[in-house]
2 protein chains.
Amino acid sequence: MNHSSKPTQNPEAAADEDPLWPATQHSAQQREAKRQAVLSAAAQLFNERGFHATSLDDIAARLGVSKPTLYYYVKNKEEILLGCVRQGLQLMLDGIEASRSEGGTALDQLTACMQVYARIVTQDFGMCLIRVGDEQISKPNRAELRRIKAAIDHEFRRLVAQGVEEGSLAPCDPKMTAFVIGGALSWIGRWYQPGGEYSPEQVAEHCLKTLLGGVLKR
Amino acid sequence: MNHSSKPTQNPEAAADEDPLWPATQHSAQQREAKRQAVLSAAAQLFNERGFHATSLDDIAARLGVSKPTLYYYVKNKEEILLGCVRQGLQLMLDGIEASRSEGGTALDQLTACMQVYARIVTQDFGMCLIRVGDEQISKPNRAELRRIKAAIDHEFRRLVAQGVEEGSLAPCDPKMTAFVIGGALSWIGRWYQPGGEYSPEQVAEHCLKTLLGGVLKR
């Protein structure tokens with residue numbers, strides 16, 4: 001990646017000059033909120049155009065700020081992608097944790113986790129997690145992301161195994177079944193068009209019904 | 001993309017100098033076989049490292065030929081990717097056509113098409129189709145690829161609708177059901193490790209069983 005256009009001036013001073021996002025009297029909270037806005041705009045652009053076709057200039061333009069302002073919140077495009085993917089994964093982890101704390105049977109919890117997963121991949125950060133491969137991210141960070149993905153996958157496998165044990169699910173190889181569930185739900189992030197023919201709720205409902213009940217007539 | 005390292009000399013003459021792949025007395029058939037070898041090596045590298053992390057030098061090195069030799073068969077990296085993805089799609093189309101010509105019920109044909117799809121995404125070109133997004137491909141070519149993908153998707157929808165009609169499949173929205181089937185099967189190309197724990201046949205068998213029968217106990 002070429003970052004030769006990085007500003008040489010003090011980025012904070014540059015941000016200071018931006019009438020839209022003045023950097024003066026920035027509390028940590030305000031700064032974080034703006035960093036979030038950068039990540040959101042970037043995720044949308046990555047999803048629309050692809051990671052490589054999106055420049056920092058595009059992200060700045062989408063936010064209506066200058067590129068030097070951007071550098072006050074993020075270091076480079078890889079850091080932005082990492083932030084987007086981390087948030088997508090964190091949303092999943094939080095959703096799974098919430099589904100589990102609701103209690104109920106393994107089937108109840110699995111269904112709730114599937115709903116969470118299907119919903120998140122239709123949103124900016126979740127879609128980014130699916131659409132942009134992690135080959136763009138350098139090795140140590142990639143390893144961290146893969147650990148989180150493995151933890152999510154493990155949770156699905158555990159619930160499938162428990163479901164088989166409680167007698168609600170068909171006997172299966174939980175690892176393979178979790179791959180099928182994760183694959184079908186992840187793919188939503190590849191084909192889903194926000195504002196299109198189906199609402200995220202309809203997509204989730206259809207996908208869950210097909211995965212749980214199967215394609216064959218019962 | 002930077003192609004400044006393109007050779008200025010006559011590529012055929014350069015290829016001529018390559019002791020491994022002499023260009024003399026090249027029949028069209030021999031040339032096509034070598035172009036195929038370039039595409040195969042490239043697909044493997046794209047799948048292993050990602051499209052952007054793979055250089056023409058890497059592809060030449062994998063084949064044990066010089067970069068000028070490569071230019072005798074392909075113009076640039078985008079053309080290589082396009083060739084790989086086209087082949088992946090063509091394998092799918094041929095497999096679907098063969099499954100259909102076998103005849104049988106809509107369920108028989110759907111099952112055969114699912115098997116074809118699952119097998120192809122574990123192979124180099126099919127995996128490349130799944131792992132490398134088509135954002136890397138320029139617009140007119142991308143439109144062609146999307147037309148072929150839509151034709152494949154349409155075939156799945158048609159078979160699902162026929163299956164519902166013949167009473168073998170559960171009543172459903174064929175479009176959404178085709179997305180679930182295509183998604184779960186496509187995802188195999190993202191996680192499958194050649195030479196790993198499961199053979200391609202085992203993967204296909206597990207995935208088909210889960211999709212057809214469903215996760216819930218019948």
# chains A, B, ... in the order shown; residues from 1 in each chain; ligands from 1

$ interface_residues --of "chain B" --to "chain A" --cutoff "7 Å" --atoms "only C-alpha atoms" --output "compact mmCIF listing (two decimals) with N, CA and C atoms, in the first residue's frame"
# COMPACT_ATOMS: atom_id res chain seq x y z
N ARG B 49 -2.83 -16.98 -0.91
CA ARG B 49 -2.34 -15.69 -0.40
C ARG B 49 -3.29 -14.52 -0.61
N GLY B 50 -4.28 -14.71 -1.46
CA GLY B 50 -5.12 -13.58 -1.84
C GLY B 50 -4.65 -13.01 -3.17
N GLU B 135 -14.72 -7.68 -7.47
CA GLU B 135 -14.43 -6.23 -7.50
C GLU B 135 -13.10 -5.97 -8.19
N SER B 168 -41.67 -33.12 -3.54
CA SER B 168 -40.52 -33.64 -2.79
C SER B 168 -39.93 -32.61 -1.83
N LEU B 169 -40.05 -31.33 -2.17
CA LEU B 169 -39.48 -30.27 -1.33
C LEU B 169 -40.57 -29.54 -0.56
N ALA B 170 -40.17 -29.00 0.59
CA ALA B 170 -41.09 -28.22 1.43
C ALA B 170 -41.47 -26.93 0.70
N MET B 176 -35.08 -17.57 -2.12
CA MET B 176 -34.39 -17.58 -0.83
C MET B 176 -33.77 -18.94 -0.55
N THR B 177 -34.48 -19.99 -0.92
CA THR B 177 -33.94 -21.33 -0.68
C THR B 177 -32.68 -21.56 -1.52
N VAL B 180 -29.82 -19.92 0.22
CA VAL B 180 -29.33 -20.70 1.37
C VAL B 180 -28.46 -21.86 0.88
N GLY B 183 -25.31 -20.45 -0.70
CA GLY B 183 -24.46 -19.85 0.33
C GLY B 183 -23.69 -20.90 1.11
N ALA B 184 -24.41 -21.89 1.60
CA ALA B 184 -23.75 -22.93 2.41
C ALA B 184 -22.72 -23.67 1.57
N TRP B 187 -19.66 -21.39 0.70
CA TRP B 187 -18.81 -21.16 1.87
C TRP B 187 -17.76 -22.25 2.05
N HIS B 206 -21.85 -34.41 3.95
CA HIS B 206 -22.34 -33.75 5.17
C HIS B 206 -23.20 -32.54 4.84
N CYS B 207 -22.70 -31.72 3.93
CA CYS B 207 -23.42 -30.47 3.63
C CYS B 207 -24.76 -30.77 2.99
N THR B 210 -27.24 -32.05 5.61
CA THR B 210 -27.71 -30.99 6.50
C THR B 210 -28.71 -30.08 5.78
N LEU B 211 -28.38 -29.71 4.56
CA LEU B 211 -29.26 -28.80 3.82
C LEU B 211 -30.58 -29.46 3.47
N LEU B 212 -30.50 -30.70 3.00
CA LEU B 212 -31.73 -31.37 2.57
C LEU B 212 -32.61 -31.73 3.77
N GLY B 213 -31.99 -32.36 4.77
CA GLY B 213 -32.77 -32.87 5.91
C GLY B 213 -33.04 -31.83 6.97
N GLY B 214 -32.20 -30.80 7.05
CA GLY B 214 -32.37 -29.79 8.09
C GLY B 214 -31.61 -30.15 9.35
N VAL B 215 -31.46 -29.13 10.20
CA VAL B 215 -30.72 -29.30 11.44
C VAL B 215 -31.60 -29.97 12.50
N LEU B 216 -32.89 -29.68 12.47
CA LEU B 216 -33.82 -30.25 13.47
C LEU B 216 -34.00 -31.75 13.25
N LYS B 217 -34.24 -32.45 14.36
CA LYS B 217 -34.54 -33.87 14.28
C LYS B 217 -35.87 -34.03 13.56
N ARG B 218 -35.95 -35.00 12.67
CA ARG B 218 -37.21 -35.24 11.95
C ARG B 218 -38.07 -36.20 12.74

$ residues_around --residues "A:Glu97" --least-positions-apart "4" --cutoff "10 Å" --atoms "only C-alpha atoms" --output "list in words"
Leu91, Met92, Leu93, Ser101, Glu102, Gln109, Cys113 and Glu155 of chain A

$ write_last_selection --atoms "C-alpha atoms" --output "JSON list (two decimals), in the first residue's frame"
[["chain", "number", "residue", "atom", "x", "y", "z"],
["A", 91, "LEU", "CA", -21.27, -7.41, 17.68],
["A", 92, "MET", "CA", -21.45, -11.16, 17.04],
["A", 93, "LEU", "CA", -19.81, -12.03, 20.37],
["A", 101, "SER", "CA", -27.85, -15.44, 28.93],
["A", 102, "GLU", "CA", -31.53, -15.61, 27.92],
["A", 109, "GLN", "CA", -30.09, -20.59, 22.15],
["A", 113, "CYS", "CA", -27.58, -17.04, 17.87],
["A", 155, "GLU", "CA", -20.01, -21.56, 20.23]]

$ closest_residue --among "A:Ala60, A:Ile137, A:Ala98, A:Val116" --to "A:Glu79" --atoms "only C-alpha atoms"
A:Ile137

$ atom_distance --atom1 "atom CA of A:Ala150" --atom2 "atom CA of A:Leu81"
19.2 Å

$ atom_distance --atom1 "atom CA of B:Ser27" --atom2 "atom CA of B:Gly83"
20.2 Å

$ atom_distance --atom1 "atom CA of A:Arg31" --atom2 "atom CA of A:Ile120"
24.9 Å

$ decode --residues "stretch 56-208 of chain B" --atoms "C-alpha atoms" --output "CSV table (one decimal), in the first residue's frame"
chain,number,residue,atom,x,y,z
B,56,LEU,CA,3.2,-12.1,-11.6
B,57,ASP,CA,6.7,-12.9,-10.3
B,58,ASP,CA,5.2,-15.4,-7.8
B,59,ILE,CA,3.2,-17.1,-10.6
B,60,ALA,CA,6.3,-17.3,-12.8
B,61,ALA,CA,8.3,-18.7,-9.9
B,62,ARG,CA,5.7,-21.3,-9.1
B,63,LEU,CA,5.8,-22.5,-12.7
B,64,GLY,CA,9.6,-22.3,-12.8
B,65,VAL,CA,9.5,-19.9,-15.9
B,66,SER,CA,10.5,-16.3,-16.4
B,67,LYS,CA,8.1,-13.4,-16.3
B,68,PRO,CA,8.6,-12.6,-20.0
B,69,THR,CA,7.5,-16.2,-20.7
B,70,LEU,CA,4.3,-15.5,-18.7
B,71,TYR,CA,3.5,-12.5,-20.9
B,72,TYR,CA,3.4,-14.8,-23.9
B,73,TYR,CA,0.3,-16.5,-22.5
B,74,VAL,CA,-1.4,-13.8,-20.5
B,75,LYS,CA,-1.6,-10.0,-20.5
B,76,ASN,CA,-1.8,-9.1,-16.8
B,77,LYS,CA,-3.1,-10.3,-13.4
B,78,GLU,CA,-6.6,-9.2,-14.1
B,79,GLU,CA,-6.8,-11.3,-17.2
B,80,ILE,CA,-5.5,-14.3,-15.3
B,81,LEU,CA,-8.1,-13.8,-12.6
B,82,LEU,CA,-10.8,-13.5,-15.2
B,83,GLY,CA,-9.6,-16.7,-16.8
B,84,CYS,CA,-9.6,-18.5,-13.5
B,85,VAL,CA,-13.1,-17.3,-12.5
B,86,ARG,CA,-14.5,-18.1,-16.0
B,87,GLN,CA,-13.2,-21.6,-15.7
B,88,GLY,CA,-14.7,-22.1,-12.3
B,89,LEU,CA,-18.0,-20.9,-13.7
B,90,GLN,CA,-17.7,-23.0,-16.8
B,91,LEU,CA,-17.1,-26.1,-14.7
B,92,MET,CA,-20.3,-25.3,-12.7
B,93,LEU,CA,-22.3,-24.8,-15.9
B,94,ASP,CA,-21.0,-28.1,-17.5
B,95,GLY,CA,-21.7,-30.0,-14.2
B,96,ILE,CA,-25.2,-28.6,-14.0
B,97,GLU,CA,-25.9,-29.4,-17.6
B,98,ALA,CA,-24.6,-33.0,-17.1
B,99,SER,CA,-26.8,-33.4,-14.0
B,100,ARG,CA,-29.8,-32.2,-15.9
B,101,SER,CA,-29.2,-34.5,-18.9
B,102,GLU,CA,-29.2,-37.5,-16.5
B,103,GLY,CA,-32.9,-36.8,-16.0
B,104,GLY,CA,-34.9,-38.0,-13.0
B,105,THR,CA,-37.1,-36.0,-10.6
B,106,ALA,CA,-36.4,-32.4,-9.7
B,107,LEU,CA,-35.0,-33.6,-6.4
B,108,ASP,CA,-32.6,-36.0,-8.2
B,109,GLN,CA,-31.4,-33.2,-10.4
B,110,LEU,CA,-31.1,-30.7,-7.5
B,111,THR,CA,-29.1,-33.2,-5.5
B,112,ALA,CA,-26.8,-33.8,-8.4
B,113,CYS,CA,-26.3,-30.1,-9.0
B,114,MET,CA,-25.6,-29.6,-5.3
B,115,GLN,CA,-22.9,-32.3,-5.4
B,116,VAL,CA,-21.3,-30.7,-8.5
B,117,TYR,CA,-21.3,-27.3,-6.8
B,118,ALA,CA,-19.8,-28.7,-3.6
B,119,ARG,CA,-17.1,-30.5,-5.4
B,120,ILE,CA,-16.1,-27.6,-7.7
B,121,VAL,CA,-15.6,-25.1,-4.8
B,122,THR,CA,-13.0,-27.5,-3.3
B,123,GLN,CA,-11.0,-27.3,-6.5
B,124,ASP,CA,-8.6,-24.5,-7.6
B,125,PHE,CA,-10.8,-22.6,-10.0
B,126,GLY,CA,-14.0,-23.0,-8.1
B,127,MET,CA,-12.2,-22.0,-4.9
B,128,CYS,CA,-10.9,-18.9,-6.6
B,129,LEU,CA,-14.4,-18.0,-7.7
B,130,ILE,CA,-15.4,-17.9,-4.1
B,131,ARG,CA,-12.3,-16.5,-2.4
B,132,VAL,CA,-11.5,-13.7,-4.8
B,133,GLY,CA,-14.3,-11.1,-5.1
B,134,ASP,CA,-15.1,-9.9,-8.5
B,135,GLU,CA,-14.4,-6.2,-7.5
B,136,GLN,CA,-10.9,-6.8,-8.9
B,137,ILE,CA,-12.3,-7.3,-12.4
B,138,SER,CA,-13.2,-4.4,-14.6
B,139,LYS,CA,-16.8,-3.5,-15.3
B,140,PRO,CA,-17.7,-5.1,-18.7
B,141,ASN,CA,-16.0,-8.4,-17.7
B,142,ARG,CA,-17.6,-8.3,-14.3
B,143,ALA,CA,-21.0,-7.9,-15.9
B,144,GLU,CA,-20.3,-11.1,-18.0
B,145,LEU,CA,-19.3,-13.0,-14.8
B,146,ARG,CA,-22.5,-11.9,-13.0
B,147,ARG,CA,-24.6,-13.0,-15.9
B,148,ILE,CA,-23.2,-16.5,-15.7
B,149,LYS,CA,-23.6,-16.5,-11.9
B,150,ALA,CA,-27.2,-15.4,-12.3
B,151,ALA,CA,-27.7,-18.3,-14.8
B,152,ILE,CA,-26.4,-20.8,-12.2
B,153,ASP,CA,-28.6,-19.3,-9.5
B,154,HIS,CA,-31.6,-19.4,-11.8
B,155,GLU,CA,-31.0,-23.1,-12.4
B,156,PHE,CA,-31.1,-23.8,-8.7
B,157,ARG,CA,-34.2,-21.7,-8.2
B,158,ARG,CA,-36.0,-23.5,-11.1
B,159,LEU,CA,-35.1,-26.9,-9.6
B,160,VAL,CA,-36.3,-25.9,-6.2
B,161,ALA,CA,-39.6,-24.6,-7.6
B,162,GLN,CA,-40.0,-27.8,-9.6
B,163,GLY,CA,-39.2,-29.9,-6.4
B,164,VAL,CA,-41.9,-28.0,-4.5
B,165,GLU,CA,-44.3,-28.7,-7.4
B,166,GLU,CA,-43.5,-32.4,-7.5
B,167,GLY,CA,-44.0,-32.6,-3.8
B,168,SER,CA,-40.5,-33.6,-2.8
B,169,LEU,CA,-39.5,-30.3,-1.3
B,170,ALA,CA,-41.1,-28.2,1.4
B,171,PRO,CA,-43.1,-25.2,0.2
B,172,CYS,CA,-40.8,-22.2,0.2
B,173,ASP,CA,-39.6,-19.1,-1.6
B,174,PRO,CA,-37.4,-20.7,-4.3
B,175,LYS,CA,-35.2,-17.6,-4.5
B,176,MET,CA,-34.4,-17.6,-0.8
B,177,THR,CA,-33.9,-21.3,-0.7
B,178,ALA,CA,-31.5,-21.2,-3.6
B,179,PHE,CA,-29.6,-18.5,-1.7
B,180,VAL,CA,-29.3,-20.7,1.4
B,181,ILE,CA,-28.2,-23.7,-0.7
B,182,GLY,CA,-25.7,-21.6,-2.8
B,183,GLY,CA,-24.5,-19.9,0.3
B,184,ALA,CA,-23.8,-22.9,2.4
B,185,LEU,CA,-22.1,-24.7,-0.6
B,186,SER,CA,-20.1,-21.6,-1.6
B,187,TRP,CA,-18.8,-21.2,1.9
B,188,ILE,CA,-17.1,-24.5,1.6
B,189,GLY,CA,-14.6,-22.7,-0.8
B,190,ARG,CA,-13.8,-20.3,2.0
B,191,TRP,CA,-13.0,-22.8,4.8
B,192,TYR,CA,-12.0,-26.0,3.0
B,193,GLN,CA,-8.3,-27.0,3.3
B,194,PRO,CA,-7.2,-29.4,0.6
B,195,GLY,CA,-5.5,-32.4,2.2
B,196,GLY,CA,-7.2,-31.6,5.6
B,197,GLU,CA,-9.4,-33.5,8.0
B,198,TYR,CA,-12.3,-34.1,5.5
B,199,SER,CA,-12.2,-35.3,1.9
B,200,PRO,CA,-14.2,-33.3,-0.7
B,201,GLU,CA,-16.6,-36.2,-0.8
B,202,GLN,CA,-17.2,-36.2,2.9
B,203,VAL,CA,-17.7,-32.4,2.9
B,204,ALA,CA,-20.3,-32.7,0.1
B,205,GLU,CA,-22.1,-35.6,1.8
B,206,HIS,CA,-22.3,-33.8,5.2
B,207,CYS,CA,-23.4,-30.5,3.6
B,208,LEU,CA,-26.1,-32.0,1.4
